[in-house]
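Trainee: My structure is below; once you've seen it, I'll send some questions.
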Amino acid sequence: MSDLHPVMGFPDALKEKSSLQSYHDPASITSDTLIIALGNPLCGDDGLGVAVLKTLEKSECLPKNVALQFDGSLGNLLDVILTHNYRTVIIVDSAFVQRSPGEWVRFTLQEVILKSGNPNINISMHNTGLVEVLALSTALNVELPEIVVYGVQPMEVKWFYGLSNAVKMAVPGICTSILEELWDERDSCE
Amino acid sequence: MAASNQKNVRIDLHHLTRVEGHGNIVINASKGVLEQCDLEIVEAPRFFEAMLRGLPYEQASHLASRICGICAVTHATASLRAVENALGVQNSPQTSLLRLLNLYGEILDSHILHVYMLVAPDLLGVGSVIPLAKSAPEVVLRALRMKKLAGDICGFVCGRHTHPIGMMVGGFTHLPTEEQLINLDERLQDTRQDVDATVELFQSLTLPDFERDTEYIALRKDDEYCFMDGEITSTDGGSWPLELYREVTNEFQVAHSTAKHARHQRQSYMVGALARYNINQDKLHPKARSAANALDLGTKTTNPYMNTTAQVVEIVHCVEESIQTIQRLLENGIKPEEPAKPSRISGGGVGACEAPRGTLFHNYVIKNEIISDANCVIPTAQNLANIEADMQVLVPSILDRTSDEISQQVEMLVRAYDPCISCSAHTLEVTFV
């Protein structure tokens with residue numbers, strides 16, 4: 001694992017595994033954690049998030065109290081972050097994180113300053129980004145779940161299906177890091 | 001309005017906010033004479049009809065739902081109905097009830113978003129929902145609460161609201177459990193307080209006073225306030241079977257828009273909540289009819305700003321109808337069913353649903369289980385000519401105001417239609433060299 005992305009510890013919420021009505025079902029209201037893939041697989045490295053979730057979905061180590069959301073758009077962030085009872089939301093996306101292609105960073109929203117494309121945040125709620133969700137939660141004094149972002153520097157974002165080699169090679173490491181977040185040493189997958 | 005007689009106005013409003021997609025408003029008046037009044041649609045074309053061609057029919061609804069993240073259930077349902085009509089699939093009563101419940105969930109989700117997050121800030125004099133959340137947090141929290149319930153209806157019925165995964169030709173791959181339906185029933189009954197508060201809020205707000213009669217078009221059935229199937233019906237008279245939708249929509253291209261326009265018996269027509277209300281008000285749930293009375297919706301309402309009011313009435317209707325639909329499903333007992341089978345492998349069919357913002361048509365030709373032709377007519381595209389016709393009447397009447405005031409009034413007009421511009425963009429501008 002690179003020094004760029006130390007694992008930050010394990011959410012207490014995940015130390016107790018709960019029984020679940022539905023497995024990997026985003027509609028479930030009992031999941032502790034939601035992992036969202038943003039991005040479009042038809043746009044080259046923008047499909048990184050979907051590739052990570054497809055790998056996680058096949059992993060036997062994915063805890064049952066984790067929901068996966070593949071839909072790729074920002075439109076649902078408002079709903080899933082503000083109105084569902086997830087304790088942790090992990091967002092996986094390609095992002096310009098000032099690294100070499102394929103390198104990735106993990107950060108929580110407390111560790112960064114996000115800038116909106118629109119300084120007035122005169123938003124369209126049809127397409128709500130993280131900045132807008134944060135602004136709304138602050139205005140409403142609503143406590144957010146812990147939000148963790150895995151941002152991967154893309155090589156190319158253009159109309160093309162599939163990832164560049166550099167970004168493809170990052171997928172296993174990101175999956176390992178996410179799974180390590182979801183399990184602690186006592187209660188590991190092995 | 002002596003001042004307006006000589007006034008020059010140039011408004012070039014790029015990227016209209018609080019609508020889905022990218023549109024510009026261009027207004028040019030010289031010496032008080034309106035010379036240009038366009039709603040430019042600059043969204044790139046998306047080629048969904050081309051992508052549908054060559055696809056096995058089973059996959060069509062999953063691709064069609066990607067046309068819109070807001071109306072994903074409606075697109076998927078219209079797509080399924082087109083396939084089912086083409087191939088002679090007869091759905092079970094349970095499937096029809098679940099499809100309807102799903103549509104109610106989507107109408108609720110979209111209308112709550114529109115009336116609270118997109119329109120209310122204008123009427124309350126704030127720039128967006130963020131300052132509204134500071135000044136009236138209980139209003140925004142109510143909207144979020146109602147929106148979550150609406151999303152959960154779709155989540156329980158079809159797996160998820162955005163890009164549903166549980167619906168298939170002839171039925172469902174996944175059914176809500178009895179416990180989930182009971183959960184929804186209880187929460188829908190609890191949400192009546194929020195619905196009442198929504199009606200009270202909009203009773204207290206004043207919409208711009210502007211009237212322009214037009215042709216209103218919606219689906220209609222004899223036995224319900226129609227959101228799926230039925231016949232195409234016009235307030236100017238006449239009804240048409242779904243198969244004849246092209247005789248109604250008459251799409252055509254204009255130079256300033258990548259979305260087509262539509263016209264029927266006049267230069268333009270309107271679809272959406274107000275059109276549905278004008279055509280189907282006799283089929284509203286009694287509580288929704290009471291809400292319509294409380295909100296001053298008349299027998300025929302011709303103020304396009306009141307499309308938002310009609311959406312509030314539909315929120316009341318869809319909550320009550322969702323409760324009734326769930327109770328019918330529970331009485332019948334939710335049970336696994338084999339999906340209804342096609343009776344042929346080739347044919348043509350039209351599926352039509354009322355999306356939150358108006359009538360949506362999907363028309364497919366299927367040959368040996370593969371889609372060979374597809375046509376989708378989107379509500380916002382049908383409304384664009386009518387929005388411009390409204391603008392052409394509205395703007396000359398307010399030319400005495402400041403440019404900012406004119407801009408705001410016109411923006412509010414466009415927003416009232418709840419346009420979904422990305423969905424409407426079809427055409428491609430090609431420059432030959």
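Chain labels run A, B, ... following the order of the structure tokens; each chain numbers its residues from 1, and ligands are numbered from 1 in the order shown.
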List the neighbours of stretch 156-168 of chain B out to 9 Å using only C-alpha atoms; skip same-chain residues closer than 2 positions along the sequence, and give me the result as a ChimeraX atom specification.

Mentor: /A:25-28,71,75-76 /B:58-59,61-66,68-73,76-77,80,98-99,101-102,105-106,150-154,170-177,180-181,184,339

Trainee: If you run DSSP on the backbone here, which positions in stretch 182-427 of chain B get alpha helix (DSSP H)? Please write them as a VMD selection string.

Mentor: chain B and resid 182 to 190 192 to 203 245 to 249 273 to 280 286 to 294 307 to 332 379 to 397 403 to 416 421 to 424

Trainee: Please save C-alpha atoms of the selected residues as a tab-separated table (two decimals), in the first residue's frame.

Mentor:
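Result written to out.tsv:
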```
chain	number	residue	atom	x	y	z
B	182	ILE	CA	-47.12	-2.88	5.49
B	183	ASN	CA	-44.17	-0.60	6.25
B	184	LEU	CA	-45.04	1.59	3.24
B	185	ASP	CA	-48.73	1.63	4.14
B	186	GLU	CA	-48.01	2.85	7.67
B	187	ARG	CA	-45.57	5.48	6.50
B	188	LEU	CA	-47.92	6.70	3.75
B	189	GLN	CA	-50.68	7.13	6.31
B	190	ASP	CA	-48.27	9.02	8.56
B	192	ARG	CA	-50.71	12.63	5.30
B	193	GLN	CA	-49.71	15.30	7.84
B	194	ASP	CA	-46.85	16.34	5.57
B	195	VAL	CA	-49.17	16.30	2.55
B	196	ASP	CA	-51.64	18.57	4.36
B	197	ALA	CA	-48.78	20.89	5.29
B	198	THR	CA	-47.71	20.96	1.65
B	199	VAL	CA	-51.17	22.03	0.54
B	200	GLU	CA	-51.25	24.70	3.27
B	201	LEU	CA	-47.84	25.99	2.21
B	202	PHE	CA	-48.91	26.43	-1.40
B	203	GLN	CA	-52.19	28.02	-0.32
B	245	TYR	CA	-49.56	8.99	-31.17
B	246	ARG	CA	-47.71	10.44	-34.18
B	247	GLU	CA	-50.98	12.06	-35.36
B	248	VAL	CA	-50.95	13.95	-32.06
B	249	THR	CA	-47.30	14.73	-31.48
B	273	ALA	CA	-49.63	17.84	-14.31
B	274	LEU	CA	-51.79	20.79	-15.37
B	275	ALA	CA	-52.82	19.02	-18.59
B	276	ARG	CA	-53.64	15.87	-16.63
B	277	TYR	CA	-55.65	17.91	-14.16
B	278	ASN	CA	-57.56	19.72	-16.91
B	279	ILE	CA	-58.44	16.41	-18.58
B	280	ASN	CA	-58.82	13.99	-15.67
B	286	PRO	CA	-61.73	13.02	-3.25
B	287	LYS	CA	-58.95	14.34	-1.00
B	288	ALA	CA	-57.06	15.55	-4.05
B	289	ARG	CA	-60.20	17.21	-5.37
B	290	SER	CA	-60.56	19.02	-2.05
B	291	ALA	CA	-56.95	20.12	-2.31
B	292	ALA	CA	-57.61	21.41	-5.85
B	293	ASN	CA	-60.51	23.47	-4.53
B	294	ALA	CA	-58.41	24.80	-1.68
B	307	ASN	CA	-48.60	23.45	-13.23
B	308	THR	CA	-46.87	23.48	-9.84
B	309	THR	CA	-50.24	23.70	-8.08
B	310	ALA	CA	-51.49	20.76	-10.12
B	311	GLN	CA	-48.39	18.85	-9.00
B	312	VAL	CA	-49.32	19.52	-5.36
B	313	VAL	CA	-52.79	18.13	-6.08
B	314	GLU	CA	-51.19	15.06	-7.67
B	315	ILE	CA	-49.04	14.58	-4.56
B	316	VAL	CA	-52.27	14.27	-2.55
B	317	HIS	CA	-53.75	11.94	-5.16
B	318	CYS	CA	-50.70	9.68	-5.44
B	319	VAL	CA	-50.34	9.29	-1.67
B	320	GLU	CA	-54.00	8.26	-1.35
B	321	GLU	CA	-53.89	5.99	-4.40
B	322	SER	CA	-50.66	4.39	-3.18
B	323	ILE	CA	-52.37	3.53	0.11
B	324	GLN	CA	-55.32	2.00	-1.73
B	325	THR	CA	-53.08	0.09	-4.15
B	326	ILE	CA	-50.99	-1.34	-1.32
B	327	GLN	CA	-54.12	-2.38	0.56
B	328	ARG	CA	-55.39	-4.18	-2.55
B	329	LEU	CA	-52.04	-5.94	-2.93
B	330	LEU	CA	-52.14	-6.98	0.72
B	331	GLU	CA	-55.73	-8.17	0.48
B	332	ASN	CA	-54.91	-10.25	-2.60
B	379	PRO	CA	-42.76	15.18	-22.50
B	380	THR	CA	-40.40	18.14	-22.35
B	381	ALA	CA	-39.98	18.09	-26.13
B	382	GLN	CA	-43.76	18.26	-26.46
B	383	ASN	CA	-43.84	21.27	-24.11
B	384	LEU	CA	-41.05	23.36	-25.67
B	385	ALA	CA	-43.18	25.05	-28.34
B	386	ASN	CA	-45.82	25.82	-25.72
B	387	ILE	CA	-43.25	27.36	-23.38
B	388	GLU	CA	-42.07	29.62	-26.18
B	389	ALA	CA	-45.66	30.53	-27.06
B	390	ASP	CA	-46.19	31.50	-23.41
B	391	MET	CA	-43.01	33.55	-23.44
B	392	GLN	CA	-44.12	35.38	-26.59
B	393	VAL	CA	-47.30	36.49	-24.82
B	394	LEU	CA	-45.77	37.07	-21.40
B	395	VAL	CA	-42.70	39.11	-22.34
B	396	PRO	CA	-44.46	41.98	-24.19
B	397	SER	CA	-46.75	42.38	-21.17
B	403	SER	CA	-34.25	43.13	-17.28
B	404	ASP	CA	-33.68	41.26	-14.02
B	405	GLU	CA	-37.39	41.19	-13.29
B	406	ILE	CA	-38.21	40.03	-16.82
B	407	SER	CA	-35.54	37.33	-16.56
B	408	GLN	CA	-36.87	36.09	-13.25
B	409	GLN	CA	-40.47	35.97	-14.47
B	410	VAL	CA	-39.50	34.06	-17.61
B	411	GLU	CA	-37.23	31.69	-15.70
B	412	MET	CA	-40.07	30.93	-13.32
B	413	LEU	CA	-42.33	30.26	-16.31
B	414	VAL	CA	-39.90	27.74	-17.81
B	415	ARG	CA	-39.32	26.17	-14.40
B	416	ALA	CA	-43.08	25.79	-13.87
B	421	ILE	CA	-34.01	19.00	-20.95
B	422	SER	CA	-31.48	16.18	-21.18
B	423	CYS	CA	-34.23	13.71	-21.95
B	424	SER	CA	-35.72	15.89	-24.64
```

Trainee: Find the distance between atom CA of A:Ala139 and atom CA of A:Phe70 and write it in Å to one decimal.

Mentor: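 Separating atom CA of A:Ala139 from atom CA of A:Phe70 is a distance of 28.7 Å.
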
Trainee: Which residue, A:Asp45, A:Glu132, A:Glu60, A:Glu111, has the smallest gap to chain B when you use only C-alpha atoms?

Mentor: A:Glu132

Trainee: Would you work out the distance separating atom CA of B:Phe47 from atom CA of B:Glu251, expressed in Å to one decimal?

Mentor: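 We find that atom CA of B:Phe47 and atom CA of B:Glu251 lie 16.5 Å from each other.
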
Trainee: Within 8 Å of chain A, which residues of chain B show up when using only C-alpha atoms, listed as a PyMOL selection string?

Mentor: chain B and resi 17-20+69-70+113+117-118+127-131+133-134+137+141+144-145+147-148+152+155-156+159-160+162-163

Trainee: For the residues in that selection, give me N, CA and C atoms as an mmCIF file, in the first residue's frame.

Mentor:
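Below you can see out19.cif, which holds the result:
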```cif
data_model
loop_
_atom_site.group_PDB
_atom_site.id
_atom_site.type_symbol
_atom_site.label_atom_id
_atom_site.label_comp_id
_atom_site.auth_asym_id
_atom_site.auth_seq_id
_atom_site.Cartn_x
_atom_site.Cartn_y
_atom_site.Cartn_z
ATOM 1 N N THR B 17 -31.043 27.897 -14.412
ATOM 2 C CA THR B 17 -30.808 27.056 -13.229
ATOM 3 C C THR B 17 -32.101 26.423 -12.732
ATOM 4 N N ARG B 18 -31.921 25.451 -11.850
ATOM 5 C CA ARG B 18 -33.014 24.711 -11.222
ATOM 6 C C ARG B 18 -33.952 24.056 -12.244
ATOM 7 N N VAL B 19 -33.382 23.623 -13.338
ATOM 8 C CA VAL B 19 -34.069 22.703 -14.245
ATOM 9 C C VAL B 19 -33.075 21.592 -14.541
ATOM 10 N N GLU B 20 -33.544 20.472 -15.041
ATOM 11 C CA GLU B 20 -32.635 19.388 -15.420
ATOM 12 C C GLU B 20 -32.128 19.663 -16.824
ATOM 13 N N GLY B 69 -32.622 10.013 -15.089
ATOM 14 C CA GLY B 69 -32.463 9.561 -13.715
ATOM 15 C C GLY B 69 -33.635 9.955 -12.835
ATOM 16 N N ILE B 70 -34.431 10.924 -13.280
ATOM 17 C CA ILE B 70 -35.588 11.357 -12.498
ATOM 18 C C ILE B 70 -36.807 10.515 -12.877
ATOM 19 N N LEU B 113 -39.618 16.992 -5.262
ATOM 20 C CA LEU B 113 -38.385 17.688 -5.650
ATOM 21 C C LEU B 113 -38.704 19.022 -6.309
ATOM 22 N N MET B 117 -37.969 22.051 -3.897
ATOM 23 C CA MET B 117 -36.561 22.425 -4.095
ATOM 24 C C MET B 117 -36.367 23.403 -5.249
ATOM 25 N N LEU B 118 -37.234 23.318 -6.261
ATOM 26 C CA LEU B 118 -37.010 24.122 -7.458
ATOM 27 C C LEU B 118 -37.937 25.328 -7.543
ATOM 28 N N GLY B 127 -32.747 32.402 -3.147
ATOM 29 C CA GLY B 127 -32.093 31.998 -4.383
ATOM 30 C C GLY B 127 -32.100 30.511 -4.665
ATOM 31 N N SER B 128 -32.155 29.709 -3.637
ATOM 32 C CA SER B 128 -32.132 28.264 -3.843
ATOM 33 C C SER B 128 -32.594 27.600 -2.552
ATOM 34 N N VAL B 129 -32.525 26.290 -2.551
ATOM 35 C CA VAL B 129 -32.978 25.551 -1.369
ATOM 36 C C VAL B 129 -32.018 25.724 -0.181
ATOM 37 N N ILE B 130 -30.774 26.137 -0.439
ATOM 38 C CA ILE B 130 -29.823 26.283 0.678
ATOM 39 C C ILE B 130 -30.257 27.408 1.627
ATOM 40 N N PRO B 131 -30.480 28.641 1.125
ATOM 41 C CA PRO B 131 -31.006 29.649 2.055
ATOM 42 C C PRO B 131 -32.383 29.298 2.599
ATOM 43 N N ALA B 133 -33.273 26.360 3.438
ATOM 44 C CA ALA B 133 -33.007 25.430 4.549
ATOM 45 C C ALA B 133 -32.608 26.186 5.800
ATOM 46 N N LYS B 134 -31.958 27.351 5.607
ATOM 47 C CA LYS B 134 -31.571 28.162 6.781
ATOM 48 C C LYS B 134 -32.780 28.884 7.368
ATOM 49 N N PRO B 137 -36.068 25.558 7.947
ATOM 50 C CA PRO B 137 -35.562 24.174 7.870
ATOM 51 C C PRO B 137 -36.667 23.132 7.921
ATOM 52 N N LEU B 141 -36.855 19.874 5.559
ATOM 53 C CA LEU B 141 -36.834 18.545 6.187
ATOM 54 C C LEU B 141 -38.099 17.754 5.842
ATOM 55 N N LEU B 144 -37.579 16.417 2.380
ATOM 56 C CA LEU B 144 -36.654 15.276 2.367
ATOM 57 C C LEU B 144 -37.324 14.023 2.921
ATOM 58 N N ARG B 145 -38.146 14.224 3.949
ATOM 59 C CA ARG B 145 -38.868 13.082 4.550
ATOM 60 C C ARG B 145 -39.820 12.459 3.531
ATOM 61 N N LYS B 147 -39.690 12.772 0.296
ATOM 62 C CA LYS B 147 -38.941 12.258 -0.850
ATOM 63 C C LYS B 147 -38.345 10.882 -0.537
ATOM 64 N N LYS B 148 -37.906 10.713 0.684
ATOM 65 C CA LYS B 148 -37.355 9.404 1.060
ATOM 66 C C LYS B 148 -38.424 8.320 0.971
ATOM 67 N N ASP B 152 -38.441 5.071 -1.398
ATOM 68 C CA ASP B 152 -38.564 3.721 -0.830
ATOM 69 C C ASP B 152 -39.696 2.927 -1.491
ATOM 70 N N GLY B 155 -38.008 1.694 -4.418
ATOM 71 C CA GLY B 155 -36.971 0.754 -4.008
ATOM 72 C C GLY B 155 -37.540 -0.605 -3.638
ATOM 73 N N PHE B 156 -38.653 -0.601 -2.899
ATOM 74 C CA PHE B 156 -39.261 -1.874 -2.501
ATOM 75 C C PHE B 156 -39.904 -2.585 -3.693
ATOM 76 N N GLY B 159 -36.549 -2.599 -6.743
ATOM 77 C CA GLY B 159 -35.126 -2.723 -6.411
ATOM 78 C C GLY B 159 -34.459 -1.402 -6.135
ATOM 79 N N ARG B 160 -34.708 -0.421 -6.993
ATOM 80 C CA ARG B 160 -34.176 0.923 -6.760
ATOM 81 C C ARG B 160 -34.922 1.886 -7.676
ATOM 82 N N THR B 162 -33.704 4.919 -9.154
ATOM 83 C CA THR B 162 -32.955 5.295 -10.350
ATOM 84 C C THR B 162 -32.507 4.029 -11.069
ATOM 85 N N HIS B 163 -32.935 3.900 -12.324
ATOM 86 C CA HIS B 163 -32.600 2.744 -13.140
ATOM 87 C C HIS B 163 -33.070 1.441 -12.482
#
```

Trainee: Report, in Å to a single decimal, how far apart atom CA of B:Ala29 and atom CA of B:Leu13 are.

Mentor: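 Computing it gives 14.4 Å between the two atoms.
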
Trainee: Show which residues sit within 6 Å of A:Gly102, as a list in words. Count only C-alpha atoms, and ignore same-chain residues fewer than 3 positions away.

Mentor: Gln153, Ala166, Val167 and Ala170 of chain A

Trainee: Create the file for the chosen residues now, containing N, CA, C and O atoms and written as a short mmCIF file (atom, residue, chain, number, x, y, z; two decimals), in the first residue's frame.

Mentor:
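Saved file selection19.cif follows:
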```
data_model
loop_
_atom_site.label_atom_id
_atom_site.label_comp_id
_atom_site.auth_asym_id
_atom_site.auth_seq_id
_atom_site.Cartn_x
_atom_site.Cartn_y
_atom_site.Cartn_z
N GLN A 153 -6.67 9.06 -9.86
CA GLN A 153 -6.28 9.93 -10.98
C GLN A 153 -6.47 9.18 -12.30
O GLN A 153 -5.89 8.12 -12.51
N ALA A 166 -3.09 1.71 -16.43
CA ALA A 166 -2.67 2.31 -15.15
C ALA A 166 -3.82 2.29 -14.15
O ALA A 166 -3.63 1.94 -12.97
N VAL A 167 -4.99 2.65 -14.59
CA VAL A 167 -6.14 2.70 -13.67
C VAL A 167 -6.63 1.28 -13.35
O VAL A 167 -7.02 0.98 -12.22
N ALA A 170 -4.95 -0.23 -10.51
CA ALA A 170 -5.26 0.34 -9.18
C ALA A 170 -6.45 -0.37 -8.52
O ALA A 170 -6.63 -0.28 -7.31
#
```

Trainee: If we count only C-alpha atoms, what is near A:Val157 at a cut-off of 7 Å, once residues fewer than 6 positions away on the same chain are taken out, given as a ChimeraX atom specification?

Mentor: /A:43-46
